[in-house]
$ cat structure.txt   # compact mmCIF, C-alpha atoms
# COMPACT_ATOMS: atom_id res chain seq x y z
CA MET W 205 0.00 0.00 0.00
CA GLU W 206 2.97 2.31 -0.60
CA THR W 207 1.72 4.05 -3.77
CA PRO W 208 -1.65 5.75 -4.28
CA GLU W 209 -2.67 2.91 -6.65
CA GLN W 210 -1.76 0.22 -4.10
CA LEU W 211 -3.50 2.05 -1.22
CA GLN W 212 -6.66 2.55 -3.29
CA GLU W 213 -6.67 -1.11 -4.30
CA TYR W 214 -6.20 -2.16 -0.67
CA LEU W 215 -9.04 0.04 0.60
CA ARG W 216 -11.41 -0.90 -2.21
CA THR W 217 -10.87 -4.65 -1.85
CA THR W 218 -10.91 -4.89 1.96
CA ILE W 219 -13.53 -2.25 2.94
CA PRO W 220 -16.62 -2.64 0.73
CA LEU W 221 -18.11 0.74 1.68
CA THR W 222 -15.13 2.50 0.04
CA GLU W 223 -16.13 0.86 -3.26
CA ALA W 224 -19.72 2.08 -2.82
CA MET W 225 -18.34 5.55 -2.05
CA GLY W 226 -16.18 5.58 -5.19
CA LEU W 227 -13.13 6.42 -3.04
CA ARG W 228 -9.97 7.48 -4.83
CA VAL W 229 -6.48 8.03 -3.41
CA LEU W 230 -5.14 11.33 -4.77
CA ALA W 231 -1.85 11.29 -2.88
CA CYS W 232 -0.03 9.37 -0.17
CA SER W 233 3.42 9.66 1.35
CA ASP W 234 5.06 9.27 4.78
CA GLY W 235 3.85 12.77 5.63
CA GLU W 236 0.35 13.06 4.12
CA VAL W 237 -2.67 11.38 2.55
CA ARG W 238 -5.37 12.89 0.38
CA LEU W 239 -8.51 10.89 -0.50
CA ALA W 240 -11.44 11.96 -2.67
CA ALA W 241 -15.01 10.89 -3.41
CA PRO W 242 -17.67 12.12 -5.84
CA LEU W 243 -21.04 13.53 -4.74
CA LEU W 244 -22.76 10.81 -6.78
CA GLY W 245 -23.25 7.82 -4.50
CA ASN W 246 -22.50 9.94 -1.42
CA HIS W 247 -25.44 12.34 -1.42
CA ASN W 248 -28.31 12.65 1.04
CA ASP W 249 -31.98 13.58 0.60
CA LYS W 250 -30.98 17.26 0.12
CA MET W 251 -28.57 16.30 -2.70
CA THR W 252 -25.65 17.50 -0.61
CA ALA W 253 -22.97 15.15 0.72
CA PHE W 254 -24.16 12.65 3.35
CA ALA W 255 -22.61 13.43 6.77
CA GLY W 256 -21.60 9.77 7.11
CA SER W 257 -19.69 9.84 3.82
CA LEU W 258 -17.75 12.98 4.85
CA TYR W 259 -16.89 11.38 8.21
CA SER W 260 -15.95 8.04 6.61
CA LEU W 261 -13.57 9.67 4.11
CA ALA W 262 -11.93 11.70 6.91
CA ALA W 263 -11.56 8.70 9.23
CA LEU W 264 -10.08 6.65 6.36
CA ALA W 265 -7.56 9.40 5.50
CA GLY W 266 -6.13 9.28 9.02
CA TRP W 267 -6.23 5.49 9.12
CA SER W 268 -4.49 5.25 5.72
CA LEU W 269 -1.70 7.63 6.75
CA LEU W 270 -0.90 5.55 9.85
CA GLN W 271 -1.43 2.08 8.36
CA ARG W 272 0.78 2.99 5.40
CA LEU W 273 3.45 4.45 7.72
CA VAL W 274 3.77 1.28 9.82
CA THR W 275 3.55 -1.02 6.77
CA VAL W 276 6.36 0.84 4.98
CA GLN W 277 8.43 0.51 8.17
CA LYS W 278 7.75 -3.26 8.23
CA LEU W 279 5.95 -3.00 11.57
CA GLU W 280 3.12 -5.53 11.73
CA MET W 281 0.63 -3.23 13.38
CA GLN W 282 -3.09 -2.62 13.21
CA VAL W 283 -4.57 0.86 13.36
CA ALA W 284 -8.01 1.72 14.76
CA ILE W 285 -9.74 5.04 15.41
CA PHE W 286 -11.01 5.22 19.00
CA THR W 287 -12.31 8.78 19.40
CA GLY W 288 -13.39 11.53 17.03
CA GLU W 289 -14.67 15.08 17.32
CA VAL W 290 -16.34 16.24 14.15
CA VAL W 291 -17.58 19.68 13.16
CA TYR W 292 -19.56 20.28 9.96
CA THR W 293 -19.35 23.91 8.83
CA ARG W 294 -21.44 23.91 5.63
CA PRO W 295 -23.11 21.66 3.05
CA VAL W 296 -21.00 20.04 0.31
CA ARG W 297 -22.44 20.25 -3.20
CA GLY W 298 -19.78 18.51 -5.29
CA GLU W 299 -16.76 16.21 -5.16
CA PHE W 300 -14.94 16.35 -1.83
CA SER W 301 -11.52 15.39 -0.49
CA ALA W 302 -10.04 14.56 2.92
CA HIS W 303 -6.53 15.69 3.75
CA VAL W 304 -4.30 14.77 6.67
CA ARG W 305 -0.66 15.43 7.53
CA ILE W 306 1.74 14.18 10.16
CA GLY W 307 4.93 16.07 11.05
CA PRO W 308 8.22 14.11 10.75
CA GLU W 309 8.95 14.50 14.48
CA ILE W 310 5.55 13.17 15.57
CA ALA W 311 5.87 10.27 13.11
CA GLU W 312 9.37 9.42 14.37
CA THR W 313 8.27 9.57 18.02
CA LEU W 314 5.32 7.27 17.25
CA LEU W 315 7.48 4.78 15.32
CA SER W 316 10.08 4.63 18.06
CA GLU W 317 7.31 4.10 20.66
CA LEU W 318 5.89 1.27 18.52
CA ARG W 319 9.34 -0.37 18.19
CA THR W 320 9.92 -0.36 21.94
CA LYS W 321 6.43 -0.69 23.48
CA ARG W 322 4.63 -2.46 20.61
CA ARG W 323 1.70 -0.05 20.99
CA GLY W 324 1.04 3.66 20.64
CA ARG W 325 -1.56 6.37 20.21
CA VAL W 326 -1.62 9.47 18.07
CA ALA W 327 -3.97 12.40 17.42
CA LEU W 328 -4.59 13.65 13.88
CA GLU W 329 -6.53 16.60 12.47
CA ILE W 330 -8.28 15.80 9.18
CA MET W 331 -9.86 18.41 6.92
CA VAL W 332 -12.60 17.70 4.39
CA GLU W 333 -12.84 20.21 1.57
CA ASP W 334 -14.81 20.76 -1.59
CA GLY W 335 -14.13 23.30 -4.34
CA GLU W 336 -15.11 26.12 -1.97
CA GLY W 337 -12.82 25.27 0.98
CA VAL W 338 -13.12 23.44 4.31
CA ALA W 339 -16.54 21.93 5.03
CA MET W 340 -15.74 19.53 7.90
CA ARG W 341 -13.01 18.98 10.47
CA LEU W 342 -12.30 15.74 12.31
CA ALA W 343 -9.99 15.61 15.32
CA ALA W 344 -9.39 11.89 15.74
CA ARG W 345 -7.27 9.67 17.94
CA TYR W 346 -5.97 6.35 16.66
CA ALA W 347 -4.56 3.37 18.53
CA LEU W 348 -1.80 1.20 17.04
CA PHE W 349 -1.22 -2.31 18.33
CA PRO W 350 0.25 -5.64 17.16
CA ALA W 351 -1.51 -7.24 14.20
CA THR W 352 -1.10 -10.59 15.91
CA PRO W 353 -0.84 -11.12 19.69
CA ALA W 354 2.73 -10.15 20.71
CA MET E 139 -41.81 8.21 6.84
CA GLU E 140 -44.08 7.50 9.82
CA THR E 141 -43.77 3.72 9.93
CA PRO E 142 -40.54 1.68 9.98
CA GLU E 143 -41.27 0.52 6.40
CA GLN E 144 -41.78 4.10 5.15
CA LEU E 145 -38.69 5.41 6.93
CA GLN E 146 -36.55 2.57 5.53
CA GLU E 147 -37.86 3.18 2.02
CA TYR E 148 -37.17 6.93 2.35
CA LEU E 149 -33.58 6.39 3.59
CA ARG E 150 -32.78 3.69 1.01
CA THR E 151 -34.09 5.69 -1.95
CA THR E 152 -32.67 9.12 -1.05
CA ILE E 153 -29.30 8.22 0.56
CA PRO E 154 -27.51 5.65 -1.63
CA LEU E 155 -24.95 4.71 1.03
CA THR E 156 -27.77 3.32 3.22
CA GLU E 157 -28.56 0.85 0.44
CA ALA E 158 -24.89 -0.18 0.25
CA MET E 159 -24.93 -0.59 4.04
CA GLY E 160 -28.04 -2.77 3.96
CA LEU E 161 -29.69 -0.46 6.51
CA ARG E 162 -32.91 -1.65 8.13
CA VAL E 163 -35.33 0.27 10.36
CA LEU E 164 -36.18 -1.94 13.35
CA ALA E 165 -38.38 0.59 15.14
CA CYS E 166 -39.45 4.22 14.95
CA SER E 167 -41.87 6.33 16.99
CA ASP E 168 -42.08 9.90 18.29
CA GLY E 169 -39.77 8.89 21.13
CA GLU E 170 -37.19 6.54 19.62
CA VAL E 171 -35.55 5.09 16.53
CA ARG E 172 -33.60 1.88 16.15
CA LEU E 173 -31.67 1.12 12.94
CA ALA E 174 -29.63 -1.97 12.10
CA ALA E 175 -27.03 -3.09 9.57
CA PRO E 176 -25.28 -6.42 8.91
CA LEU E 177 -21.51 -6.91 9.18
CA LEU E 178 -21.47 -8.04 5.53
CA GLY E 179 -20.93 -4.93 3.42
CA ASN E 180 -19.85 -2.93 6.48
CA HIS E 181 -16.63 -4.67 7.44
CA ASN E 182 -13.06 -3.41 7.35
CA ASP E 183 -9.73 -5.10 6.61
CA LYS E 184 -9.84 -6.76 10.07
CA MET E 185 -13.31 -8.20 9.32
CA THR E 186 -14.81 -6.12 12.13
CA ALA E 187 -17.29 -3.30 11.47
CA PHE E 188 -15.86 -0.30 9.61
CA ALA E 189 -15.72 2.78 11.90
CA GLY E 190 -17.43 4.86 9.19
CA SER E 191 -20.37 2.44 9.02
CA LEU E 192 -20.89 2.55 12.80
CA TYR E 193 -20.78 6.35 12.74
CA SER E 194 -23.09 6.58 9.71
CA LEU E 195 -25.73 4.34 11.30
CA ALA E 196 -25.59 6.38 14.53
CA ALA E 197 -25.82 9.75 12.74
CA LEU E 198 -28.75 8.44 10.67
CA ALA E 199 -30.59 7.24 13.78
CA GLY E 200 -30.55 10.73 15.28
CA TRP E 201 -31.40 12.35 11.95
CA SER E 202 -34.30 9.92 11.39
CA LEU E 203 -35.77 10.56 14.85
CA LEU E 204 -35.83 14.33 14.28
CA GLN E 205 -36.83 14.31 10.60
CA ARG E 206 -39.69 11.92 11.36
CA LEU E 207 -40.78 14.03 14.34
CA VAL E 208 -41.09 17.26 12.30
CA THR E 209 -42.65 15.49 9.32
CA VAL E 210 -45.36 13.87 11.47
CA GLN E 211 -46.03 17.34 12.94
CA LYS E 212 -46.39 18.77 9.39
CA LEU E 213 -43.44 21.11 9.93
CA GLU E 214 -41.51 21.55 6.68
CA MET E 215 -38.08 21.42 8.24
CA GLN E 216 -34.69 20.06 7.28
CA VAL E 217 -32.43 18.39 9.80
CA ALA E 218 -28.62 18.37 9.66
CA ILE E 219 -25.98 17.11 12.09
CA PHE E 220 -23.43 19.84 12.83
CA THR E 221 -21.20 18.40 15.56
CA GLY E 222 -20.45 14.91 16.83
CA GLU E 223 -18.29 13.37 19.52
CA VAL E 224 -17.73 9.70 18.96
CA VAL E 225 -16.11 7.10 21.20
CA TYR E 226 -15.44 3.54 20.02
CA THR E 227 -15.13 1.14 22.93
CA ARG E 228 -14.50 -2.21 21.19
CA PRO E 229 -14.58 -3.97 17.81
CA VAL E 230 -17.93 -5.15 16.39
CA ARG E 231 -17.94 -8.69 14.97
CA GLY E 232 -21.54 -9.09 13.85
CA GLU E 233 -24.76 -7.28 13.03
CA PHE E 234 -25.06 -3.96 14.86
CA SER E 235 -27.84 -1.50 15.72
CA ALA E 236 -28.05 2.20 16.57
CA HIS E 237 -30.54 3.37 19.16
CA VAL E 238 -31.65 6.89 20.08
CA ARG E 239 -34.37 8.29 22.31
CA ILE E 240 -35.82 11.73 22.93
CA GLY E 241 -37.81 12.56 26.05
CA PRO E 242 -41.34 13.94 25.51
CA GLU E 243 -40.46 17.23 27.24
CA ILE E 244 -37.37 17.86 25.12
CA ALA E 245 -39.34 16.97 21.97
CA GLU E 246 -42.17 19.33 22.93
CA THR E 247 -39.76 22.18 23.74
CA LEU E 248 -38.05 21.68 20.36
CA LEU E 249 -41.34 21.57 18.44
CA SER E 250 -42.63 24.72 20.12
CA GLU E 251 -39.32 26.49 19.36
CA LEU E 252 -39.62 25.41 15.71
CA ARG E 253 -43.21 26.67 15.49
CA THR E 254 -42.28 30.11 16.84
CA LYS E 255 -38.67 30.70 15.68
CA ARG E 256 -38.64 28.45 12.58
CA ARG E 257 -35.28 27.02 13.69
CA GLY E 258 -33.87 25.05 16.55
CA ARG E 259 -31.04 22.87 17.82
CA VAL E 260 -31.02 19.71 19.85
CA ALA E 261 -28.42 17.33 21.33
CA LEU E 262 -28.91 13.56 21.13
CA GLU E 263 -26.96 10.63 22.53
CA ILE E 264 -26.89 7.63 20.20
CA MET E 265 -25.67 4.17 21.19
CA VAL E 266 -24.40 1.53 18.77
CA GLU E 267 -24.62 -2.02 20.04
CA ASP E 268 -23.95 -5.53 18.83
CA GLY E 269 -24.94 -8.80 20.47
CA GLU E 270 -22.44 -8.15 23.28
CA GLY E 271 -23.56 -4.62 24.27
CA VAL E 272 -22.49 -1.02 23.56
CA ALA E 273 -19.58 -0.66 21.12
CA MET E 274 -19.80 3.04 20.20
CA ARG E 275 -21.39 6.22 21.55
CA LEU E 276 -22.15 9.33 19.52
CA ALA E 277 -23.07 12.62 21.20
CA ALA E 278 -24.40 14.67 18.30
CA ARG E 279 -26.00 18.07 17.84
CA TYR E 280 -28.50 18.63 15.06
CA ALA E 281 -29.80 21.87 13.54
CA LEU E 282 -33.38 22.17 12.27
CA PHE E 283 -34.31 24.89 9.79
CA PRO E 284 -36.92 25.63 7.10
CA ALA E 285 -36.89 23.23 4.14
CA THR E 286 -37.46 26.23 1.89
CA PRO E 287 -36.34 29.82 2.66
CA ALA E 288 -38.85 31.28 5.12
$ encode --input "structure.txt" --output "structure tokens"
Amino acid sequence: METPEQLQEYLRTTIPLTEAMGLRVLACSDGEVRLAAPLLGNHNDKMTAFAGSLYSLAALAGWSLLQRLVTVQKLEMQVAIFTGEVVYTRPVRGEFSAHVRIGPEIAETLLSELRTKRRGRVALEIMVEDGEGVAMRLAARYALFPATPA
Amino acid sequence: METPEQLQEYLRTTIPLTEAMGLRVLACSDGEVRLAAPLLGNHNDKMTAFAGSLYSLAALAGWSLLQRLVTVQKLEMQVAIFTGEVVYTRPVRGEFSAHVRIGPEIAETLLSELRTKRRGRVALEIMVEDGEGVAMRLAARYALFPATPA
């Protein structure tokens, strides 16, 4: 799942809702992930984006950043969101994207914690935007733990 | 959207992701709504329920309770979630349901506010459970406003 193509393929084949959402990976690196989805398939009864689709794309952006980071570092870890604070600021009327970054120092601290303690936690701020700017913010915390019992 | 059948039909035909999720309406009344979804179609790469599916079902339960309430009262109002605080307590390994209640006094206060001010806000606590108990809590706030400019 190192390249955008590999990450998109991984998400689409293992999480069926991402296929229904038409999720695309626009960019991924050690420092950031950007995912996108069309309005079609993700709209609500008002023909604006469904709140659950916006949240799902944001939660997946943070998850993808961390899961990719540990996979690239050959750490056999699972990643799971455990809390989220979400604020919707306005309706979304077109394609939308979710963007998340992690600073190199925070990433290095997390990786070194995972190498020594085999578990860790990290907070990420994820922004969902459409063509007009930010429409939703998610402050999420993720837990990382061994993929198989240590 | 007064009966469970009508509400399910409304959600499935206007919000495509609910169809992908296999959403079912187990119960709905002026005081409570209970929605359910199967693990199949809502799982993640760990074969537990996708965090976005759990959140979506919870957000829809609160939305359904309020949208049904105003529709039954012949108030032409839209309902939109604007903040949410979500806590995941453990993985979900089977079918799950989202349950929300509103007390008659809070409902009456909201309806009277909507009749006089044409807008209102309300906080709801939604629980997501599987066969083993509560797996996620969502504390959400919803805004209600005229369906067409007043």
$ atom_distance --input "structure.txt" --atom1 "CA of Leu155 in chain E" --atom2 "CA of Arg228 in chain E"
23.7 Å
$ closest_residue --input "structure.txt" --among "E:Ala187, E:Leu198, E:Leu192, E:Ile244" --to "Gln146 in chain E" --atoms "all atoms listed in the file"
E:Leu198
$ residues_around --input "structure.txt" --residues "Leu269 in chain W" --least-positions-apart "3" --cutoff "12 Å" --atoms "only C-alpha atoms" --output "ChimeraX atom specification"
/W:205-208,211,229,231-239,262-266,272-276,283-284,302-307,311,326-330,346
$ closest_residue --input "structure.txt" --among "W:Leu244, W:Ile285, W:Met340, W:Leu279" --to "Arg322 in chain W" --atoms "all atoms listed in the file"
W:Leu279
$ interface_residues --input "structure.txt" --of "chain W" --to "chain E" --cutoff "9 Å" --atoms "all atoms listed in the file" --output "VMD selection string"
chain W and resid 214 to 215 217 to 221 224 to 225 244 to 251 254 to 257 259 to 261 263 to 264 282 284 to 294
$ atom_distance --input "structure.txt" --atom1 "CA of Trp201 in chain E" --atom2 "CA of Val332 in chain W"
21.0 Å
$ closest_residue --input "structure.txt" --among "E:Ala273, E:Met215, E:Val230, E:Ala174" --to "Arg257 in chain E" --atoms "only C-alpha atoms"
E:Met215
$ axis_aligned_box --input "structure.txt" --around "range 201-215 of chain E" --padding-each-side "8 Å" --output "lines of an AutoDock Vina configuration file"
center_x = -38.9
center_y = 15.7
center_z = 10.8
size_x = 31.0
size_y = 27.6
size_z = 24.2
$ atom_distance --input "structure.txt" --atom1 "CA of Leu348 in chain W" --atom2 "CA of Gln271 in chain W"
8.7 Å
